[in-house]
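Visitor: Just target_12.txt, nothing more (compact mmCIF, C-alpha atoms (C1' of nucleotides)):
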```txt
# COMPACT_ATOMS: atom_id res chain seq x y z
CA MET A 28 -19.32 -103.28 -101.30
CA ALA A 29 -20.09 -106.84 -102.42
CA LYS A 30 -17.16 -109.20 -102.10
CA THR A 31 -16.92 -111.01 -105.41
CA SER A 32 -14.27 -113.58 -106.21
CA LYS A 33 -11.42 -111.93 -108.10
CA LEU A 34 -10.59 -115.10 -109.96
CA GLN A 35 -14.09 -115.62 -111.29
CA ASP A 36 -14.91 -111.99 -111.88
CA GLU A 37 -12.00 -110.06 -113.37
CA SER A 38 -14.29 -107.28 -114.55
CA THR A 39 -15.43 -106.17 -111.10
CA ALA A 40 -13.70 -103.05 -109.84
CA PHE A 41 -11.07 -103.73 -107.22
CA ASN A 42 -12.34 -103.10 -103.72
CA TYR A 43 -10.25 -100.48 -101.93
CA ALA A 44 -13.10 -99.55 -99.55
CA THR A 45 -11.14 -99.94 -96.32
CA LEU A 46 -7.87 -98.37 -97.42
CA ASP A 47 -9.50 -95.49 -99.26
CA ARG A 48 -10.51 -93.94 -95.93
CA PHE A 49 -6.90 -93.52 -94.82
CA VAL A 50 -4.93 -90.39 -95.71
CA GLY A 51 -1.70 -92.26 -94.99
CA TYR A 52 -2.50 -94.78 -97.71
CA HIS A 53 -3.02 -92.07 -100.30
CA MET A 54 0.15 -90.34 -99.18
CA LYS A 55 2.18 -93.51 -99.65
CA ARG A 56 0.82 -94.21 -103.12
CA ALA A 57 1.31 -90.64 -104.28
CA PHE A 58 4.79 -90.42 -102.82
CA ASN A 59 5.80 -93.67 -104.52
CA VAL A 60 5.00 -92.06 -107.87
CA VAL A 61 6.97 -88.92 -107.05
CA GLN A 62 9.89 -90.90 -105.67
CA ALA A 63 10.14 -93.11 -108.77
CA ASP A 64 10.01 -90.13 -111.12
CA LEU A 65 12.49 -88.10 -109.09
CA GLN A 66 14.88 -91.03 -109.09
CA GLU A 67 14.82 -91.10 -112.89
CA THR A 68 15.20 -87.32 -112.98
CA LEU A 69 18.31 -87.38 -110.80
CA LYS A 70 19.93 -90.42 -112.42
CA PRO A 71 21.68 -88.42 -115.20
CA PHE A 72 23.37 -86.37 -112.48
CA ASP A 73 24.36 -89.49 -110.52
CA LEU A 74 22.36 -88.22 -107.54
CA ARG A 75 19.69 -89.81 -105.37
CA MET A 76 16.96 -88.07 -103.42
CA LEU A 77 19.10 -88.11 -100.27
CA THR A 78 22.31 -86.89 -101.88
CA TYR A 79 20.43 -84.18 -103.77
CA THR A 80 18.65 -83.03 -100.62
CA ALA A 81 21.91 -82.91 -98.69
CA LEU A 82 23.58 -80.93 -101.47
CA VAL A 83 20.75 -78.40 -101.52
CA LEU A 84 20.82 -77.89 -97.76
CA ILE A 85 24.61 -77.55 -97.69
CA ALA A 86 24.42 -74.96 -100.46
CA ASP A 87 21.67 -72.99 -98.72
CA ASN A 88 23.24 -73.21 -95.26
CA PRO A 89 27.01 -72.58 -95.28
CA ASP A 90 29.17 -74.11 -92.55
CA LEU A 91 26.50 -76.64 -91.64
CA SER A 92 27.66 -79.38 -89.28
CA GLN A 93 26.79 -83.02 -89.96
CA THR A 94 24.61 -83.20 -86.87
CA GLN A 95 22.67 -80.13 -87.99
CA LEU A 96 22.27 -81.54 -91.49
CA ALA A 97 21.11 -84.94 -90.23
CA SER A 98 18.55 -83.21 -88.02
CA ALA A 99 17.31 -81.09 -90.93
CA MET A 100 16.94 -84.20 -93.08
CA ASP A 101 15.17 -86.21 -90.36
CA ILE A 102 17.78 -88.96 -90.51
CA GLU A 103 20.37 -90.31 -88.06
CA ARG A 104 23.86 -88.82 -87.92
CA ALA A 105 25.28 -92.30 -88.54
CA ASN A 106 23.38 -92.63 -91.81
CA LEU A 107 24.46 -89.21 -92.98
CA VAL A 108 28.14 -90.14 -92.92
CA VAL A 109 28.04 -92.22 -96.11
CA ILE A 110 26.01 -89.52 -97.86
CA VAL A 111 28.56 -86.85 -96.99
CA ASP A 112 31.35 -89.30 -97.92
CA GLU A 113 29.78 -89.75 -101.35
CA LEU A 114 29.36 -86.03 -102.01
CA GLU A 115 32.91 -85.38 -100.80
CA SER A 116 34.47 -88.12 -102.92
CA LYS A 117 32.79 -86.57 -105.96
CA GLU A 118 34.26 -83.21 -104.92
CA LEU A 119 30.80 -81.64 -104.72
CA ILE A 120 31.32 -80.55 -101.11
CA VAL A 121 34.20 -80.18 -98.64
CA ARG A 122 34.54 -80.98 -94.95
CA ASP A 123 36.14 -77.85 -93.52
CA ARG A 124 37.81 -78.09 -90.14
CA VAL A 125 36.62 -75.67 -87.45
CA PRO A 126 39.47 -74.31 -85.28
CA SER A 127 37.20 -73.35 -82.38
CA ASP A 128 35.83 -76.90 -82.06
CA ARG A 129 37.92 -79.64 -83.57
CA ARG A 130 35.14 -82.22 -83.23
CA VAL A 131 32.87 -80.74 -85.91
CA TYR A 132 33.08 -80.34 -89.66
CA ALA A 133 31.74 -77.28 -91.45
CA LEU A 134 30.21 -78.58 -94.66
CA ASN A 135 30.44 -76.38 -97.72
CA ILE A 136 29.59 -76.77 -101.38
CA THR A 137 32.34 -76.53 -104.01
CA LEU A 138 32.20 -74.78 -107.37
CA LYS A 139 31.78 -78.17 -109.01
CA GLY A 140 28.95 -78.93 -106.58
CA ARG A 141 27.27 -75.62 -107.31
CA ARG A 142 27.37 -76.29 -111.05
CA LEU A 143 25.85 -79.74 -110.64
CA LEU A 144 23.26 -78.38 -108.23
CA LYS A 145 22.20 -75.72 -110.71
CA LYS A 146 21.66 -78.22 -113.52
CA SER A 147 20.03 -80.85 -111.34
CA THR A 148 17.71 -78.33 -109.68
CA ALA A 149 16.55 -77.17 -113.11
CA ALA A 150 15.70 -80.80 -113.89
CA VAL A 151 13.90 -81.23 -110.56
CA VAL A 152 11.87 -78.07 -111.19
CA LYS A 153 10.82 -79.50 -114.56
CA HIS A 154 10.00 -82.86 -112.97
CA GLU A 155 7.77 -81.13 -110.41
CA ALA A 156 6.08 -78.98 -113.04
CA ARG A 157 5.43 -82.03 -115.23
CA LEU A 158 4.12 -84.22 -112.42
CA PHE A 159 1.87 -81.61 -110.88
CA ALA A 160 0.69 -79.97 -114.08
CA GLY A 161 -2.76 -81.50 -113.56
CA LEU A 162 -3.22 -79.80 -110.19
CA ASN A 163 -4.87 -76.41 -110.21
CA LYS A 164 -3.15 -73.55 -108.40
CA ASN A 165 -5.52 -73.55 -105.44
CA VAL A 166 -5.27 -77.29 -104.87
CA HIS A 167 -1.49 -77.11 -105.20
CA GLY A 168 -1.37 -74.44 -102.52
CA VAL A 169 -3.68 -76.28 -100.16
CA LEU A 170 -1.70 -79.49 -100.66
CA VAL A 171 1.66 -77.92 -99.85
CA GLY A 172 0.19 -75.93 -96.98
CA ALA A 173 -1.49 -78.96 -95.43
CA LEU A 174 1.56 -81.22 -95.77
CA SER A 175 3.90 -78.54 -94.46
CA GLU A 176 1.71 -77.67 -91.49
CA PHE A 177 1.16 -81.34 -90.74
CA HIS A 178 4.90 -81.97 -90.57
CA ALA A 179 5.48 -78.89 -88.42
CA ASN A 180 2.76 -79.95 -85.97
CA HIS A 181 3.95 -83.51 -85.57
CA HIS A 182 7.68 -83.34 -85.94
CA SER A 183 9.39 -83.85 -82.61
CA MET B 28 17.70 -65.50 -98.31
CA ALA B 29 21.06 -64.48 -96.77
CA LYS B 30 23.46 -67.37 -96.33
CA THR B 31 24.77 -67.09 -92.80
CA SER B 32 27.22 -69.54 -91.27
CA LYS B 33 25.32 -72.10 -89.24
CA LEU B 34 28.21 -72.60 -86.86
CA GLN B 35 28.56 -68.94 -85.96
CA ASP B 36 24.86 -68.13 -85.99
CA GLU B 37 22.77 -70.83 -84.38
CA SER B 38 19.84 -68.47 -83.94
CA THR B 39 19.21 -67.84 -87.63
CA ALA B 40 16.29 -69.81 -89.04
CA PHE B 41 17.32 -72.77 -91.13
CA ASN B 42 17.19 -72.04 -94.84
CA TYR B 43 14.83 -74.42 -96.63
CA ALA B 44 14.22 -71.98 -99.51
CA THR B 45 15.07 -74.36 -102.35
CA LEU B 46 13.37 -77.47 -101.01
CA ASP B 47 10.25 -75.65 -99.84
CA ARG B 48 9.20 -75.17 -103.45
CA PHE B 49 8.93 -78.91 -104.07
CA VAL B 50 5.71 -80.78 -103.34
CA GLY B 51 7.64 -84.06 -103.31
CA TYR B 52 9.76 -82.82 -100.44
CA HIS B 53 6.71 -81.96 -98.34
CA MET B 54 5.14 -85.31 -99.22
CA LYS B 55 8.20 -87.19 -98.02
CA ARG B 56 8.41 -85.33 -94.71
CA ALA B 57 4.70 -85.70 -94.02
CA PHE B 58 4.68 -89.36 -94.98
CA ASN B 59 7.65 -90.07 -92.71
CA VAL B 60 5.58 -88.83 -89.77
CA VAL B 61 2.56 -90.95 -90.73
CA GLN B 62 4.71 -94.00 -91.41
CA ALA B 63 6.45 -93.78 -88.02
CA ASP B 64 3.16 -93.37 -86.16
CA LEU B 65 1.45 -96.16 -88.09
CA GLN B 66 4.34 -98.48 -87.33
CA GLU B 67 3.85 -97.90 -83.61
CA THR B 68 0.10 -98.32 -84.03
CA LEU B 69 0.49 -101.71 -85.72
CA LYS B 70 3.24 -103.04 -83.46
CA PRO B 71 0.85 -104.44 -80.79
CA PHE B 72 -0.76 -106.54 -83.53
CA ASP B 73 2.60 -107.73 -84.86
CA LEU B 74 1.80 -106.18 -88.23
CA ARG B 75 3.68 -103.79 -90.49
CA MET B 76 2.24 -101.37 -93.03
CA LEU B 77 2.78 -103.92 -95.82
CA THR B 78 1.33 -106.91 -93.98
CA TYR B 79 -1.63 -104.86 -92.77
CA THR B 80 -2.31 -103.54 -96.27
CA ALA B 81 -2.13 -107.03 -97.75
CA LEU B 82 -4.49 -108.36 -95.07
CA VAL B 83 -7.02 -105.60 -95.78
CA LEU B 84 -6.95 -106.19 -99.54
CA ILE B 85 -7.28 -109.96 -99.13
CA ALA B 86 -10.26 -109.46 -96.82
CA ASP B 87 -11.96 -107.01 -99.18
CA ASN B 88 -11.21 -109.03 -102.34
CA PRO B 89 -11.84 -112.77 -101.90
CA ASP B 90 -9.91 -115.25 -104.05
CA LEU B 91 -7.28 -112.68 -104.93
CA SER B 92 -4.20 -114.07 -106.69
CA GLN B 93 -0.70 -113.04 -105.62
CA THR B 94 -0.10 -111.30 -108.91
CA GLN B 95 -3.30 -109.29 -108.51
CA LEU B 96 -2.42 -108.39 -104.93
CA ALA B 97 1.13 -107.33 -105.83
CA SER B 98 -0.27 -105.13 -108.58
CA ALA B 99 -2.80 -103.57 -106.21
CA MET B 100 -0.04 -102.84 -103.70
CA ASP B 101 2.34 -101.41 -106.31
CA ILE B 102 5.04 -103.91 -105.43
CA GLU B 103 6.75 -106.76 -107.29
CA ARG B 104 5.31 -110.29 -107.19
CA ALA B 105 8.67 -111.52 -105.88
CA ASN B 106 8.51 -109.20 -102.88
CA LEU B 107 4.95 -110.18 -102.06
CA VAL B 108 5.89 -113.83 -101.51
CA VAL B 109 7.48 -113.24 -98.09
CA ILE B 110 4.56 -111.04 -97.05
CA VAL B 111 2.04 -113.75 -97.92
CA ASP B 112 4.33 -116.34 -96.28
CA GLU B 113 4.27 -114.31 -93.07
CA LEU B 114 0.48 -113.90 -93.04
CA GLU B 115 0.00 -117.58 -93.83
CA SER B 116 2.42 -118.79 -91.14
CA LYS B 117 0.43 -116.74 -88.63
CA GLU B 118 -2.75 -118.42 -89.93
CA LEU B 119 -4.28 -115.06 -90.81
CA ILE B 120 -4.81 -116.08 -94.45
CA VAL B 121 -4.81 -119.27 -96.52
CA ARG B 122 -3.46 -120.08 -99.98
CA ASP B 123 -6.34 -121.94 -101.63
CA ARG B 124 -5.61 -124.03 -104.70
CA VAL B 125 -7.60 -123.25 -107.85
CA PRO B 126 -8.64 -126.39 -109.80
CA SER B 127 -9.18 -124.52 -113.07
CA ASP B 128 -5.64 -123.08 -113.07
CA ARG B 129 -3.14 -124.92 -110.93
CA ARG B 130 -0.54 -122.16 -111.24
CA VAL B 131 -2.37 -119.63 -109.09
CA TYR B 132 -3.32 -119.37 -105.45
CA ALA B 133 -6.62 -117.87 -104.32
CA LEU B 134 -5.79 -115.89 -101.19
CA ASN B 135 -8.44 -115.75 -98.49
CA ILE B 136 -8.59 -114.41 -94.96
CA THR B 137 -9.23 -116.79 -92.05
CA LEU B 138 -11.46 -116.21 -89.06
CA LYS B 139 -8.36 -115.50 -87.00
CA GLY B 140 -7.24 -113.02 -89.65
CA ARG B 141 -10.61 -111.33 -89.66
CA ARG B 142 -10.52 -110.91 -85.88
CA LEU B 143 -7.05 -109.38 -85.96
CA LEU B 144 -8.05 -107.17 -88.87
CA LYS B 145 -11.04 -105.82 -86.97
CA LYS B 146 -8.98 -104.87 -83.92
CA SER B 147 -6.06 -103.48 -85.90
CA THR B 148 -8.31 -101.46 -88.21
CA ALA B 149 -9.97 -99.88 -85.18
CA ALA B 150 -6.48 -98.86 -84.01
CA VAL B 151 -5.57 -97.50 -87.45
CA VAL B 152 -8.78 -95.47 -87.57
CA LYS B 153 -7.86 -93.95 -84.21
CA HIS B 154 -4.31 -93.28 -85.40
CA GLU B 155 -5.63 -91.44 -88.46
CA ALA B 156 -8.15 -89.45 -86.43
CA ARG B 157 -5.45 -88.44 -83.94
CA LEU B 158 -2.86 -87.50 -86.56
CA PHE B 159 -5.21 -85.52 -88.77
CA ALA B 160 -7.31 -83.95 -86.02
CA GLY B 161 -5.70 -80.57 -86.81
CA LEU B 162 -6.90 -80.62 -90.41
CA ASN B 163 -10.25 -79.04 -91.11
CA LYS B 164 -12.81 -81.05 -93.08
CA ASN B 165 -12.35 -79.11 -96.30
CA VAL B 166 -8.57 -79.38 -96.30
CA HIS B 167 -8.81 -83.07 -95.45
CA GLY B 168 -11.07 -83.61 -98.45
CA VAL B 169 -8.88 -81.62 -100.83
CA LEU B 170 -5.79 -83.45 -99.59
CA VAL B 171 -7.24 -86.94 -100.12
CA GLY B 172 -8.77 -85.92 -103.43
CA ALA B 173 -5.55 -84.44 -104.76
CA LEU B 174 -3.38 -87.36 -103.67
CA SER B 175 -5.85 -89.90 -105.00
CA GLU B 176 -6.27 -88.18 -108.36
CA PHE B 177 -2.53 -87.69 -108.62
CA HIS B 178 -1.90 -91.40 -108.17
CA ALA B 179 -4.64 -92.35 -110.63
CA ASN B 180 -3.23 -89.99 -113.27
CA HIS B 181 0.36 -91.16 -112.98
CA HIS B 182 0.12 -94.80 -112.10
CA SER B 183 1.14 -96.95 -115.06
C1' DT C 23 5.65 -119.51 -125.68
C1' DA C 24 3.57 -117.13 -121.73
C1' DT C 25 2.23 -116.82 -116.87
C1' DT C 26 2.25 -117.86 -111.60
C1' DG C 27 4.67 -118.32 -107.88
C1' DT C 28 9.31 -118.79 -106.18
C1' DT C 29 14.31 -118.24 -105.01
C1' DA C 30 18.41 -115.72 -104.95
C1' DT C 31 20.60 -111.54 -104.92
C1' DA C 32 21.79 -106.80 -104.55
C1' DC C 33 20.98 -102.11 -103.48
C1' DT C 34 18.89 -98.42 -100.74
C1' DC C 35 17.12 -96.56 -96.54
C1' DT C 36 16.75 -96.86 -91.71
C1' DA C 37 17.83 -97.76 -86.60
C1' DT C 38 21.02 -98.91 -82.79
C1' DA C 39 25.07 -99.62 -80.22
C1' DA C 40 29.73 -98.84 -79.49
C1' DC C 41 33.96 -96.60 -80.57
C1' DT C 42 37.53 -92.13 -81.12
C1' DA C 43 38.64 -87.67 -80.50
C1' DT C 44 37.62 -83.76 -78.72
C1' DA C 45 35.14 -80.52 -75.38
C1' DT D 28 30.78 -86.39 -68.43
C1' DA D 29 28.98 -84.94 -72.87
C1' DT D 30 29.15 -84.20 -77.92
C1' DA D 31 30.65 -84.81 -83.14
C1' DG D 32 31.71 -87.89 -86.19
C1' DT D 33 32.47 -92.73 -87.24
C1' DT D 34 32.06 -97.81 -87.79
C1' DA D 35 29.61 -102.00 -87.77
C1' DT D 36 25.54 -104.26 -88.13
C1' DA D 37 20.85 -105.63 -88.74
C1' DG D 38 16.31 -105.00 -90.43
C1' DA D 39 13.16 -103.41 -93.76
C1' DG D 40 11.69 -102.19 -98.56
C1' DT D 41 12.61 -102.54 -103.38
C1' DA D 42 14.22 -104.21 -108.09
C1' DT D 43 15.89 -107.80 -111.31
C1' DA D 44 16.99 -112.20 -113.22
C1' DA D 45 16.28 -116.91 -113.47
C1' DC D 46 13.86 -121.16 -112.35
C1' DA D 47 9.89 -125.00 -111.98
C1' DA D 48 5.22 -125.95 -112.71
C1' DT D 49 1.45 -125.14 -115.42
C1' DA D 50 -1.26 -123.03 -119.18
```
Can the structure from this file be put into structure tokens for me?
Guide:
Amino acid sequence: MAKTSKLQDESTAFNYATLDRFVGYHMKRAFNVVQADLQETLKPFDLRMLTYTALVLIADNPDLSQTQLASAMDIERANLVVIVDELESKELIVRDRVPSDRRVYALNITLKGRRLLKKSTAAVVKHEARLFAGLNKNVHGVLVGALSEFHANHHS
Amino acid sequence: MAKTSKLQDESTAFNYATLDRFVGYHMKRAFNVVQADLQETLKPFDLRMLTYTALVLIADNPDLSQTQLASAMDIERANLVVIVDELESKELIVRDRVPSDRRVYALNITLKGRRLLKKSTAAVVKHEARLFAGLNKNVHGVLVGALSEFHANHHS
DNA sequence: TATTGTTATACTCTATAACTATA
DNA sequence: TATAGTTATAGAGTATAACAATA
């Protein structure tokens, strides 16, 4: 834990002593890696993490409203608008009108959207398999379980 | 895995089937929670996650250069400039000149910086303890180990 | 030529308030 | 009045290119 001058002593291991104790720090670093790789993975499909996530949720939950989707994605309704705009302009989804309540849209995936989703999901599955190949099955399970439970416990 | 209309059937559980398989998705959700809580934790000290992290690394690694710090934080040199500017303007750190190489700065924490760091770190420790109180010791260890190893394996 | 710190710039993600149209 | 979607806007975080000073 000696504090040596970095300029005079390049060989000394970097001191992460304080940060290493924090789970949040490790989560950020790890997520940065995943985020960067996922971005590259989705680029050929002209999708980002947010647009891909929205497309998945719309496909899995027919007639979703924008408010419901924003809530599911943990983002503000206002910020979802441009995401839905983008998916709609690419004809990957449609905003269906709901006769019983003319305020809301029922979001639904198109055939074109379903085709893109199939290909992009295959790429994402490969990306996950490649990134987490080093993790053994048990650790993988504990990791997902812990992260999932953590979110469930703390999400308002 | 039935796809029921969300507008007609509000009671049906939301379908996360596709996303639930992805570790990256769980990492993002969990990190969002930590990030939001940490932000609130650091607000009384007028620090953000990035400024706090920089302050910690400067304290633990005397005479750090900006390039070294940017590398340690996984951010670009260009983006670090404003962070160092902010810490310096608050007199929490100093940019020391290095006679042997007049291109670089040797970053060092001030007494004022050290005092703020002590108080803010105590708050961050509490924030971590509170957030992860639900995790048992074993899971906590596996989580940190997995995230840390993952970053080490994939960081270029 | 190469490197350090810097500026400028642009893009993404996020947060808030205020508006419209419907209920 | 309350809610769904929208617009506008501002603040962060991030990525890239180009520059001056120095090596």
Visitor: I need the chain B residues near chain D as a ChimeraX atom specification; criterion: at most 10 Å, counting only C-alpha atoms (C1' of nucleotides).
Guide: /B:77,102-103,105-106,128-131
Visitor: Up to 8 Å from chain A, what residues of chain B turn up? Count only C-alpha atoms and give them as a ChimeraX atom specification.
Guide: /B:30-34,41-46,49-51,53-58,60-62,80,83-84,87-92,133,152,155,158-159,161-162,166,169-171,173-175,177-178,181-182
Visitor: Would you save the residues of that selection, restricted to C-alpha atoms, as a compact mmCIF listing (two decimals), in the coordinates of the input?
Guide:
```
# COMPACT_ATOMS: atom_id res chain seq x y z
CA LYS B 30 23.46 -67.37 -96.33
CA THR B 31 24.77 -67.09 -92.80
CA SER B 32 27.22 -69.54 -91.27
CA LYS B 33 25.32 -72.10 -89.24
CA LEU B 34 28.21 -72.60 -86.86
CA PHE B 41 17.32 -72.77 -91.13
CA ASN B 42 17.19 -72.04 -94.84
CA TYR B 43 14.83 -74.42 -96.63
CA ALA B 44 14.22 -71.98 -99.51
CA THR B 45 15.07 -74.36 -102.35
CA LEU B 46 13.37 -77.47 -101.01
CA PHE B 49 8.93 -78.91 -104.07
CA VAL B 50 5.71 -80.78 -103.34
CA GLY B 51 7.64 -84.06 -103.31
CA HIS B 53 6.71 -81.96 -98.34
CA MET B 54 5.14 -85.31 -99.22
CA LYS B 55 8.20 -87.19 -98.02
CA ARG B 56 8.41 -85.33 -94.71
CA ALA B 57 4.70 -85.70 -94.02
CA PHE B 58 4.68 -89.36 -94.98
CA VAL B 60 5.58 -88.83 -89.77
CA VAL B 61 2.56 -90.95 -90.73
CA GLN B 62 4.71 -94.00 -91.41
CA THR B 80 -2.31 -103.54 -96.27
CA VAL B 83 -7.02 -105.60 -95.78
CA LEU B 84 -6.95 -106.19 -99.54
CA ASP B 87 -11.96 -107.01 -99.18
CA ASN B 88 -11.21 -109.03 -102.34
CA PRO B 89 -11.84 -112.77 -101.90
CA ASP B 90 -9.91 -115.25 -104.05
CA LEU B 91 -7.28 -112.68 -104.93
CA SER B 92 -4.20 -114.07 -106.69
CA ALA B 133 -6.62 -117.87 -104.32
CA VAL B 152 -8.78 -95.47 -87.57
CA GLU B 155 -5.63 -91.44 -88.46
CA LEU B 158 -2.86 -87.50 -86.56
CA PHE B 159 -5.21 -85.52 -88.77
CA GLY B 161 -5.70 -80.57 -86.81
CA LEU B 162 -6.90 -80.62 -90.41
CA VAL B 166 -8.57 -79.38 -96.30
CA VAL B 169 -8.88 -81.62 -100.83
CA LEU B 170 -5.79 -83.45 -99.59
CA VAL B 171 -7.24 -86.94 -100.12
CA ALA B 173 -5.55 -84.44 -104.76
CA LEU B 174 -3.38 -87.36 -103.67
CA SER B 175 -5.85 -89.90 -105.00
CA PHE B 177 -2.53 -87.69 -108.62
CA HIS B 178 -1.90 -91.40 -108.17
CA HIS B 181 0.36 -91.16 -112.98
CA HIS B 182 0.12 -94.80 -112.10
```
Visitor: From the options C:DT23, C:DT44, C:DT38, C:DA30, which residue's atoms come nearest to chain B, counting only C-alpha atoms (C1' of nucleotides)?
Guide: C:DA30
Visitor: Counting all atoms listed in the file, which residue out of C:DT31, C:DT26, C:DT42, C:DT36 sits closest to chain B?
Guide: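 Closest candidate: C:DT26.
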Visitor: One decimal, Å: what's the distance from atom CA of B:Ser127 over to atom CA of B:Gln93, could you say?
Guide: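 Atom CA of B:Gln93 lies at a distance of 16.1 Å from atom CA of B:Ser127.
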Visitor: Enter the distance from atom CA of B:Pro71 to atom CA of B:Arg157, in Å, rounded to one decimal.
Guide: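 Spanning atom CA of B:Pro71 to atom CA of B:Arg157 is a straight-line distance of 17.5 Å.
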Visitor: When you draw a straight line from atom C1' of C:DA43 to atom CA of A:Gly140, how long is it in Å?
Guide: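 Atom-to-atom, atom C1' of C:DA43 and atom CA of A:Gly140 are spaced 29.2 Å apart.
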Visitor: Calculated over only C-alpha atoms (C1' of nucleotides), which of the candidates B:Leu82, B:Ala63, B:Leu96, B:Val108 has the smallest distance to chain C?
Guide: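 Closest to chain C of all the choices is B:Val108.
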Visitor: Please check the contacts: residues of chain C at most 9 Å away from chain B, using all atoms listed in the file, listed as a compact mmCIF listing (two decimals) with C-alpha atoms (C1' of nucleotides), in the frame of the given file.
Guide:
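Saved the output as part33.txt:
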```txt
# COMPACT_ATOMS: atom_id res chain seq x y z
C1' DT C 25 2.23 -116.82 -116.87
C1' DT C 26 2.25 -117.86 -111.60
C1' DG C 27 4.67 -118.32 -107.88
C1' DT C 28 9.31 -118.79 -106.18
C1' DT C 29 14.31 -118.24 -105.01
```
Visitor: Taking all atoms of stretch 23-32 of chain C that the file lists and extending 3 Å past them on each side, where is the centre of the axis-aligned box and how long are its edges? Answer in Å to one decimal, as JSON.
Guide:
```
{"center_x": 12.0, "center_y": -113.2, "center_z": -115.1, "size_x": 25.6, "size_y": 18.7, "size_z": 27.1}
```
Visitor: For B:Asp73, find every residue with an atom within 12 Å (counting all atoms listed in the file), except residues of its own chain fewer than 3 positions away, and show them as a ChimeraX atom specification.
Guide: /B:66-70,76-79,113-114,117,119,143-144,146-147
